[in-house]
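Chemist: File name data.pdb; file contents PDB, C-alpha atoms (C1' of nucleotides); full text below.
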```
ATOM      1  CA  MET E  29      93.085  11.570  -1.116
ATOM      2  CA  LYS E  30      92.470  12.534   2.489
ATOM      3  CA  SER E  31      89.317  14.601   2.620
ATOM      4  CA  ALA E  32      85.851  13.382   1.795
ATOM      5  CA  LYS E  33      85.494  16.444  -0.357
ATOM      6  CA  LYS E  34      88.360  15.516  -2.593
ATOM      7  CA  LEU E  35      87.205  11.932  -2.834
ATOM      8  CA  ASN E  36      83.797  13.195  -3.779
ATOM      9  CA  ASN E  37      85.214  15.380  -6.487
ATOM     10  CA  THR E  38      86.847  12.482  -8.196
ATOM     11  CA  GLN E  39      83.576  10.527  -8.264
ATOM     12  CA  LEU E  40      81.111  13.170  -9.354
ATOM     13  CA  PRO E  41      80.947  14.416 -12.917
ATOM     14  CA  LYS E  42      82.022  18.015 -13.208
ATOM     15  CA  ILE E  43      79.169  20.376 -13.884
ATOM     16  CA  SER E  44      79.364  24.080 -14.482
ATOM     17  CA  VAL E  45      76.128  25.769 -13.591
ATOM     18  CA  ALA E  46      77.375  28.968 -15.193
ATOM     19  CA  LYS E  47      77.637  27.307 -18.578
ATOM     20  CA  MET E  48      74.209  25.860 -18.105
ATOM     21  CA  GLU E  49      72.662  29.218 -17.375
ATOM     22  CA  GLY E  50      73.374  30.479 -20.838
ATOM     23  CA  ALA E  51      71.875  27.434 -22.470
ATOM     24  CA  CYS E  52      69.049  26.456 -20.155
ATOM     25  CA  GLN E  53      66.282  27.877 -22.312
ATOM     26  CA  GLU E  54      67.518  26.095 -25.411
ATOM     27  CA  VAL E  55      68.180  22.855 -23.567
ATOM     28  CA  SER E  56      64.848  22.853 -21.789
ATOM     29  CA  ASP E  57      63.094  23.410 -25.111
ATOM     30  CA  LEU E  58      64.917  20.406 -26.456
ATOM     31  CA  LEU E  59      64.024  18.260 -23.464
ATOM     32  CA  ARG E  60      60.415  19.292 -23.693
ATOM     33  CA  ALA E  61      60.300  18.400 -27.352
ATOM     34  CA  LEU E  62      61.534  14.935 -26.360
ATOM     35  CA  SER E  63      59.261  14.611 -23.357
ATOM     36  CA  HIS E  64      56.460  12.582 -24.837
ATOM     37  CA  PRO E  65      56.492   8.787 -24.939
ATOM     38  CA  GLN E  66      55.765   8.624 -28.642
ATOM     39  CA  ARG E  67      58.111  11.418 -29.606
ATOM     40  CA  LEU E  68      60.865   9.729 -27.638
ATOM     41  CA  LEU E  69      60.161   6.505 -29.469
ATOM     42  CA  ILE E  70      60.103   8.267 -32.827
ATOM     43  CA  MET E  71      63.520   9.702 -32.034
ATOM     44  CA  GLY E  72      64.697   6.260 -31.008
ATOM     45  CA  HIS E  73      63.636   4.811 -34.340
ATOM     46  CA  LEU E  74      65.189   7.691 -36.253
ATOM     47  CA  THR E  75      68.534   7.105 -34.543
ATOM     48  CA  GLN E  76      68.547   3.852 -36.509
ATOM     49  CA  GLY E  77      68.353   5.773 -39.787
ATOM     50  CA  PRO E  78      65.956   7.905 -41.824
ATOM     51  CA  LYS E  79      62.368   6.724 -42.018
ATOM     52  CA  THR E  80      59.263   7.707 -43.943
ATOM     53  CA  VAL E  81      56.096   8.746 -42.160
ATOM     54  CA  THR E  82      54.492   5.529 -43.303
ATOM     55  CA  GLU E  83      57.301   3.465 -41.837
ATOM     56  CA  LEU E  84      57.026   5.330 -38.553
ATOM     57  CA  THR E  85      53.278   4.765 -38.507
ATOM     58  CA  GLY E  86      54.045   1.056 -38.559
ATOM     59  CA  LEU E  87      56.648   1.358 -35.820
ATOM     60  CA  CYS E  88      54.796   3.627 -33.397
ATOM     61  CA  ALA E  89      51.217   3.380 -32.224
ATOM     62  CA  VAL E  90      50.206   6.847 -33.354
ATOM     63  CA  SER E  91      47.603   8.080 -35.791
ATOM     64  CA  GLN E  92      48.777   9.528 -39.088
ATOM     65  CA  SER E  93      47.624  12.970 -38.078
ATOM     66  CA  GLN E  94      49.349  12.956 -34.738
ATOM     67  CA  LEU E  95      52.521  11.525 -36.199
ATOM     68  CA  SER E  96      52.615  14.285 -38.768
ATOM     69  CA  GLN E  97      52.019  16.865 -36.053
ATOM     70  CA  PHE E  98      54.724  15.374 -33.853
ATOM     71  CA  LEU E  99      57.193  15.359 -36.725
ATOM     72  CA  GLY E 100      56.275  18.901 -37.635
ATOM     73  CA  ARG E 101      56.904  20.049 -34.138
ATOM     74  CA  MET E 102      60.124  18.092 -33.798
ATOM     75  CA  LYS E 103      61.321  19.645 -37.019
ATOM     76  CA  ALA E 104      60.410  23.124 -35.830
ATOM     77  CA  GLU E 105      62.390  22.445 -32.655
ATOM     78  CA  GLY E 106      65.396  21.289 -34.643
ATOM     79  CA  LEU E 107      65.260  17.650 -33.551
ATOM     80  CA  VAL E 108      64.696  16.206 -36.995
ATOM     81  CA  SER E 109      65.114  17.165 -40.612
ATOM     82  CA  SER E 110      63.064  16.006 -43.572
ATOM     83  CA  GLU E 111      63.626  15.415 -47.236
ATOM     84  CA  ARG E 112      61.084  14.428 -49.820
ATOM     85  CA  GLN E 113      61.935  11.601 -52.176
ATOM     86  CA  GLY E 114      59.167  10.952 -54.622
ATOM     87  CA  LYS E 115      55.989  10.437 -52.734
ATOM     88  CA  TYR E 116      57.732   9.750 -49.458
ATOM     89  CA  GLN E 117      58.949  12.204 -46.915
ATOM     90  CA  TYR E 118      62.053  10.955 -45.132
ATOM     91  CA  TYR E 119      62.692  12.149 -41.615
ATOM     92  CA  ALA E 120      66.060  11.900 -39.899
ATOM     93  CA  VAL E 121      67.742  12.992 -36.690
ATOM     94  CA  ALA E 122      68.921  16.535 -37.333
ATOM     95  CA  ASP E 123      72.014  16.568 -35.177
ATOM     96  CA  LYS E 124      74.531  13.926 -34.134
ATOM     97  CA  ARG E 125      74.493  15.294 -30.614
ATOM     98  CA  LEU E 126      70.915  14.103 -30.352
ATOM     99  CA  VAL E 127      71.962  10.577 -31.228
ATOM    100  CA  GLN E 128      74.530  10.818 -28.462
ATOM    101  CA  LEU E 129      71.906  12.046 -26.047
ATOM    102  CA  MET E 130      69.485   9.277 -26.965
ATOM    103  CA  ALA E 131      72.208   6.693 -26.472
ATOM    104  CA  VAL E 132      73.088   8.076 -23.067
ATOM    105  CA  ILE E 133      69.487   8.252 -21.984
ATOM    106  CA  GLN E 134      69.037   4.660 -22.963
ATOM    107  CA  ASN E 135      72.191   3.503 -21.257
ATOM    108  CA  ILE E 136      71.291   5.261 -18.038
ATOM    109  CA  PHE E 137      67.544   4.679 -17.830
ATOM    110  CA  CYS E 138      66.579   1.729 -20.021
ATOM    111  CA  CYS E 139      68.426  -1.192 -18.424
TER     112      CYS E 139
ATOM    113  CA  MET J 178      86.107  -2.237 -42.592
ATOM    114  CA  LYS J 179      84.926  -2.346 -46.173
ATOM    115  CA  SER J 180      81.320  -1.261 -46.260
ATOM    116  CA  ALA J 181      80.013   2.157 -45.318
ATOM    117  CA  LYS J 182      77.448   0.337 -43.232
ATOM    118  CA  LYS J 183      80.028  -1.341 -41.062
ATOM    119  CA  LEU J 184      81.994   1.833 -40.730
ATOM    120  CA  ASN J 185      78.842   3.564 -39.696
ATOM    121  CA  ASN J 186      78.103   0.961 -37.081
ATOM    122  CA  THR J 187      81.407   1.523 -35.409
ATOM    123  CA  GLN J 188      80.797   5.249 -35.175
ATOM    124  CA  LEU J 189      77.209   5.362 -34.001
ATOM    125  CA  PRO J 190      76.257   4.648 -30.400
ATOM    126  CA  LYS J 191      74.267   1.465 -30.075
ATOM    127  CA  ILE J 192      70.642   2.029 -29.288
ATOM    128  CA  SER J 193      67.993  -0.582 -28.651
ATOM    129  CA  VAL J 194      64.574   0.760 -29.445
ATOM    130  CA  ALA J 195      63.025  -2.313 -27.850
ATOM    131  CA  LYS J 196      64.540  -1.443 -24.478
ATOM    132  CA  MET J 197      63.351   2.100 -24.882
ATOM    133  CA  GLU J 198      59.780   1.048 -25.531
ATOM    134  CA  GLY J 199      59.399  -0.359 -22.068
ATOM    135  CA  ALA J 200      60.738   2.762 -20.429
ATOM    136  CA  CYS J 201      59.567   5.561 -22.684
ATOM    137  CA  GLN J 202      56.723   6.661 -20.449
ATOM    138  CA  GLU J 203      58.945   6.863 -17.403
ATOM    139  CA  VAL J 204      61.767   8.539 -19.293
ATOM    140  CA  SER J 205      59.523  11.059 -20.975
ATOM    141  CA  ASP J 206      58.029  11.954 -17.602
ATOM    142  CA  LEU J 207      61.532  12.559 -16.340
ATOM    143  CA  LEU J 208      62.478  14.690 -19.326
ATOM    144  CA  ARG J 209      59.325  16.710 -18.990
ATOM    145  CA  ALA J 210      60.003  17.341 -15.333
ATOM    146  CA  LEU J 211      63.392  18.741 -16.409
ATOM    147  CA  SER J 212      62.030  20.685 -19.350
ATOM    148  CA  HIS J 213      61.766  24.124 -17.839
ATOM    149  CA  PRO J 214      64.653  26.593 -17.770
ATOM    150  CA  GLN J 215      64.381  27.211 -14.052
ATOM    151  CA  ARG J 216      63.849  23.589 -13.134
ATOM    152  CA  LEU J 217      66.885  22.651 -15.184
ATOM    153  CA  LEU J 218      68.895  25.293 -13.392
ATOM    154  CA  ILE J 219      67.619  24.136 -10.019
ATOM    155  CA  MET J 220      68.773  20.630 -10.876
ATOM    156  CA  GLY J 221      72.113  22.030 -11.959
ATOM    157  CA  HIS J 222      72.589  23.742  -8.638
ATOM    158  CA  LEU J 223      71.507  20.647  -6.740
ATOM    159  CA  THR J 224      74.097  18.550  -8.538
ATOM    160  CA  GLN J 225      76.614  20.666  -6.610
ATOM    161  CA  GLY J 226      75.148  19.490  -3.327
ATOM    162  CA  PRO J 227      72.006  19.868  -1.197
ATOM    163  CA  LYS J 228      70.524  23.344  -0.920
ATOM    164  CA  THR J 229      67.794  25.003   1.097
ATOM    165  CA  VAL J 230      64.880  26.729  -0.571
ATOM    166  CA  THR J 231      66.268  30.049   0.576
ATOM    167  CA  GLU J 232      69.629  29.309  -1.005
ATOM    168  CA  LEU J 233      67.954  28.323  -4.244
ATOM    169  CA  THR J 234      65.917  31.508  -4.201
ATOM    170  CA  GLY J 235      69.195  33.380  -4.220
ATOM    171  CA  LEU J 236      70.618  31.268  -7.032
ATOM    172  CA  CYS J 237      67.620  31.189  -9.354
ATOM    173  CA  ALA J 238      65.393  34.027 -10.456
ATOM    174  CA  VAL J 239      62.166  32.482  -9.223
ATOM    175  CA  SER J 240      59.595  33.591  -6.705
ATOM    176  CA  GLN J 241      59.374  31.730  -3.434
ATOM    177  CA  SER J 242      56.003  30.329  -4.368
ATOM    178  CA  GLN J 243      57.038  29.080  -7.745
ATOM    179  CA  LEU J 244      60.256  27.621  -6.393
ATOM    180  CA  SER J 245      58.326  25.703  -3.791
ATOM    181  CA  GLN J 246      55.907  24.484  -6.441
ATOM    182  CA  PHE J 247      58.732  23.447  -8.745
ATOM    183  CA  LEU J 248      60.471  21.589  -5.955
ATOM    184  CA  GLY J 249      57.234  19.927  -4.964
ATOM    185  CA  ARG J 250      56.692  18.736  -8.475
ATOM    186  CA  MET J 251      60.277  17.613  -8.916
ATOM    187  CA  LYS J 252      59.993  15.662  -5.702
ATOM    188  CA  ALA J 253      56.746  14.055  -6.821
ATOM    189  CA  GLU J 254      58.471  13.040 -10.049
ATOM    190  CA  GLY J 255      61.382  11.539  -8.152
ATOM    191  CA  LEU J 256      63.996  14.029  -9.291
ATOM    192  CA  VAL J 257      64.804  15.389  -5.868
ATOM    193  CA  SER J 258      64.467  14.418  -2.255
ATOM    194  CA  SER J 259      64.071  16.678   0.746
ATOM    195  CA  GLU J 260      64.992  16.593   4.381
ATOM    196  CA  ARG J 261      64.123  19.096   7.028
ATOM    197  CA  GLN J 262      66.896  20.307   9.309
ATOM    198  CA  GLY J 263      65.638  22.762  11.854
ATOM    199  CA  LYS J 264      63.863  25.518  10.054
ATOM    200  CA  TYR J 265      65.439  24.733   6.721
ATOM    201  CA  GLN J 266      64.319  22.235   4.159
ATOM    202  CA  TYR J 267      67.241  20.746   2.276
ATOM    203  CA  TYR J 268      66.664  19.531  -1.246
ATOM    204  CA  ALA J 269      69.027  17.181  -3.051
ATOM    205  CA  VAL J 270      69.216  15.225  -6.293
ATOM    206  CA  ALA J 271      67.349  12.010  -5.632
ATOM    207  CA  ASP J 272      69.315   9.676  -7.864
ATOM    208  CA  LYS J 273      72.932   9.548  -9.012
ATOM    209  CA  ARG J 274      71.806   8.709 -12.520
ATOM    210  CA  LEU J 275      70.313  12.175 -12.699
ATOM    211  CA  VAL J 276      73.672  13.716 -11.891
ATOM    212  CA  GLN J 277      75.122  11.657 -14.718
ATOM    213  CA  LEU J 278      72.410  12.844 -17.051
ATOM    214  CA  MET J 279      72.911  16.478 -16.105
ATOM    215  CA  ALA J 280      76.635  16.153 -16.706
ATOM    216  CA  VAL J 281      76.102  14.610 -20.116
ATOM    217  CA  ILE J 282      73.565  17.223 -21.106
ATOM    218  CA  GLN J 283      75.982  19.912 -20.138
ATOM    219  CA  ASN J 284      78.885  18.338 -21.954
ATOM    220  CA  ILE J 285      76.882  17.894 -25.119
ATOM    221  CA  PHE J 286      74.861  21.084 -25.232
ATOM    222  CA  CYS J 287      76.475  23.722 -23.049
ATOM    223  CA  CYS J 288      79.834  24.321 -24.717
TER     224      CYS J 288
ATOM    225  C1'  DT O 274      53.373  33.256  23.754
ATOM    226  C1'  DT O 275      53.990  36.382  20.333
ATOM    227  C1'  DT O 276      56.880  37.481  16.474
ATOM    228  C1'  DT O 277      59.705  36.354  12.765
ATOM    229  C1'  DC O 278      61.568  33.635   9.292
ATOM    230  C1'  DA O 279      61.229  29.521   6.080
ATOM    231  C1'  DT O 280      58.376  26.929   3.355
ATOM    232  C1'  DA O 281      53.966  25.115   1.470
ATOM    233  C1'  DT O 282      49.352  25.446  -0.275
ATOM    234  C1'  DT O 283      45.454  27.412  -2.683
ATOM    235  C1'  DA O 284      43.109  30.038  -6.063
ATOM    236  C1'  DA O 285      42.730  32.106 -10.480
ATOM    237  C1'  DC O 286      43.739  32.899 -15.078
ATOM    238  C1'  DA O 287      46.540  32.611 -19.359
ATOM    239  C1'  DT O 288      48.793  29.646 -22.354
ATOM    240  C1'  DA O 289      50.423  25.175 -24.112
ATOM    241  C1'  DT O 290      49.780  20.465 -25.076
ATOM    242  C1'  DC O 291      47.204  16.079 -26.243
ATOM    243  C1'  DA O 292      44.046  13.545 -28.875
ATOM    244  C1'  DT O 293      40.752  12.931 -32.448
ATOM    245  C1'  DA O 294      38.141  13.862 -36.540
ATOM    246  C1'  DA O 295      37.708  16.060 -40.764
ATOM    247  C1'  DT O 296      39.614  18.007 -44.680
ATOM    248  C1'  DA O 297      43.303  19.567 -47.786
ATOM    249  C1'  DT O 298      47.540  19.141 -50.487
ATOM    250  C1'  DG O 299      51.033  16.853 -53.186
ATOM    251  C1'  DT O 300      52.717  12.873 -55.880
ATOM    252  C1'  DT O 301      52.419   8.875 -58.668
ATOM    253  C1'  DA O 302      49.994   5.395 -61.355
ATOM    254  C1'  DA O 303      46.215   4.053 -64.129
TER     255       DA O 303
ATOM    256  C1'  DT M 118      42.668  13.564 -66.043
ATOM    257  C1'  DT M 119      41.142  10.863 -62.545
ATOM    258  C1'  DA M 120      42.085   7.589 -58.811
ATOM    259  C1'  DA M 121      44.917   6.127 -55.120
ATOM    260  C1'  DC M 122      48.269   6.814 -51.828
ATOM    261  C1'  DA M 123      51.341   9.742 -48.667
ATOM    262  C1'  DT M 124      51.499  13.544 -45.891
ATOM    263  C1'  DA M 125      49.980  18.006 -43.908
ATOM    264  C1'  DT M 126      46.710  21.234 -41.969
ATOM    265  C1'  DT M 127      42.767  22.838 -39.422
ATOM    266  C1'  DA M 128      39.384  22.744 -35.874
ATOM    267  C1'  DT M 129      37.885  21.372 -31.384
ATOM    268  C1'  DG M 130      37.603  20.094 -26.670
ATOM    269  C1'  DA M 131      39.958  18.034 -22.763
ATOM    270  C1'  DT M 132      43.830  18.327 -19.803
ATOM    271  C1'  DA M 133      48.312  20.124 -18.199
ATOM    272  C1'  DT M 134      51.419  23.758 -17.281
ATOM    273  C1'  DG M 135      53.149  28.547 -16.102
ATOM    274  C1'  DT M 136      52.584  32.551 -13.472
ATOM    275  C1'  DT M 137      51.190  35.535  -9.825
ATOM    276  C1'  DA M 138      48.984  36.830  -5.601
ATOM    277  C1'  DA M 139      47.233  35.646  -1.313
ATOM    278  C1'  DT M 140      47.109  32.853   2.584
ATOM    279  C1'  DA M 141      48.513  28.970   5.611
ATOM    280  C1'  DT M 142      51.724  26.102   8.224
ATOM    281  C1'  DG M 143      55.786  25.035  10.901
ATOM    282  C1'  DA M 144      60.043  25.996  13.469
ATOM    283  C1'  DA M 145      62.882  29.043  16.112
ATOM    284  C1'  DA M 146      63.989  33.447  18.412
ATOM    285  C1'  DA M 147      62.658  37.135  21.245
TER     286       DA M 147
END
```
What does the file become when written as structure tokens?
Modeler:
Amino acid sequence: MKSAKKLNNTQLPKISVAKMEGACQEVSDLLRALSHPQRLLIMGHLTQGPKTVTELTGLCAVSQSQLSQFLGRMKAEGLVSSERQGKYQYYAVADKRLVQLMAVIQNIFCC
Amino acid sequence: MKSAKKLNNTQLPKISVAKMEGACQEVSDLLRALSHPQRLLIMGHLTQGPKTVTELTGLCAVSQSQLSQFLGRMKAEGLVSSERQGKYQYYAVADKRLVQLMAVIQNIFCC
DNA sequence: TTTTCATATTAACATATCATAATATGTTAA
DNA sequence: TTAACATATTATGATATGTTAATATGAAAA
């Protein structure tokens, strides 16, 4: 408990840059896919449960075309999955880790 | 404990989309500023403590020019701060919340 | 004061993204 | 089968980003 260094170590989260090196391309792709106000909001809504494109149109201020393009891209990037049910296409968060991430982002930056 | 819904609620992190709406522009700007493999790595290294541009050049595979441009942008976006000491410019993570975020990202996605 | 080292800026071009409009496809109901 | 609704695709132009090379600034050492 003596040195400032040790004290510091107990306060700061432990980060391994080495581990990050192997994943930085994948992670930065993910962050980029999230890095649009509307896409972030879409993800936020989808963390609440699957939604149709029509429902999302009501929830986000985006045109049908752009919403479809956003969802297409987010699906290609692995952020969301989709499943057709009748005439509706349901989109959902593809990976529980993304729900975690969204929750953390909100807790840290949306107070 | 009966319904699947309640069970679900206890497992999922709580997210308020309303809170996110007010911050989504700011947050998406932040995520975009992080959304480059080298910038992510730079941030990773800076979470370990302040570094000079020369040190970072040794740690990341980026040209001097690009590194300086990245750092300039990251500073403009509020991700890092800088302080000149003699002939060296020290860069550091600007906000503890960013260290938190980096740690979470690593824990979730860099296993 | 000249040289050297550290860092920043500018220019130029390729590629990616954003936003909008128009059109196409797929599904259900009439 | 046609009409109506839900979703996807394509095209286009504006803007942003990534990358590299060249040059400029600023501090310290010789």
Chemist: Decode the PyMOL selection byres ((chain E) within 10 of (chain M)) for the given file into explicit residues and return them as an MDAnalysis selection string.
Modeler: chainID E and resid 80:82 92:93 95:97 100 114:117
Chemist: Evaluate the PyMOL selection byres ((chain J) within 8 of (chain E)) on the structure here and hand back the selected residues as a PyMOL selection string.
Modeler: chain J and resi 189-194+196-202+204-209+211-215+217-218+221-222+224-225+274+276-283+285-288
Chemist: Based on only C-alpha atoms (C1' of nucleotides), which of the residues in chain O come within 10 Å of chain E? I want them as a list in words.
Modeler: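 The selection requested is DC291, DA292, DT293, DA294, DG299, DT300 and DT301 of chain O.
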Chemist: Give the padded box for region 274-287 of chain O as JSON: axis-aligned, covering all atoms listed in the file, 8 Å on each side, centre and edge lengths in Å to one decimal.
Modeler:
```
{"center_x": 52.1, "center_y": 31.3, "center_z": 2.2, "size_x": 34.8, "size_y": 28.4, "size_z": 59.1}
```
Chemist: Separation of CA of Arg261 (chain J) and CA of Phe247 (chain J), in Å?
Modeler: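 Between CA of Arg261 (chain J) and CA of Phe247 (chain J) the gap is 17.2 Å.
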Chemist: Take the PyMOL selection byres ((chain E and resi 109-111) around 10), apply it to the structure above, and return the hits as number ranges by chain.
Modeler: E: 78-80, 99-100, 102-108, 112-114, 116-123
Chemist: Enter the distance from C1' of DT280 (chain O) to CA of Leu236 (chain J), in Å, rounded to one decimal.
Modeler: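 C1' of DT280 (chain O) sits 16.6 Å away from CA of Leu236 (chain J).
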Chemist: Give me, please, the distance in Å between C1' of DT277 (chain O) and CA of Ala238 (chain J), quoted to one decimal.
Modeler: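 A separation of 24.0 Å between them.
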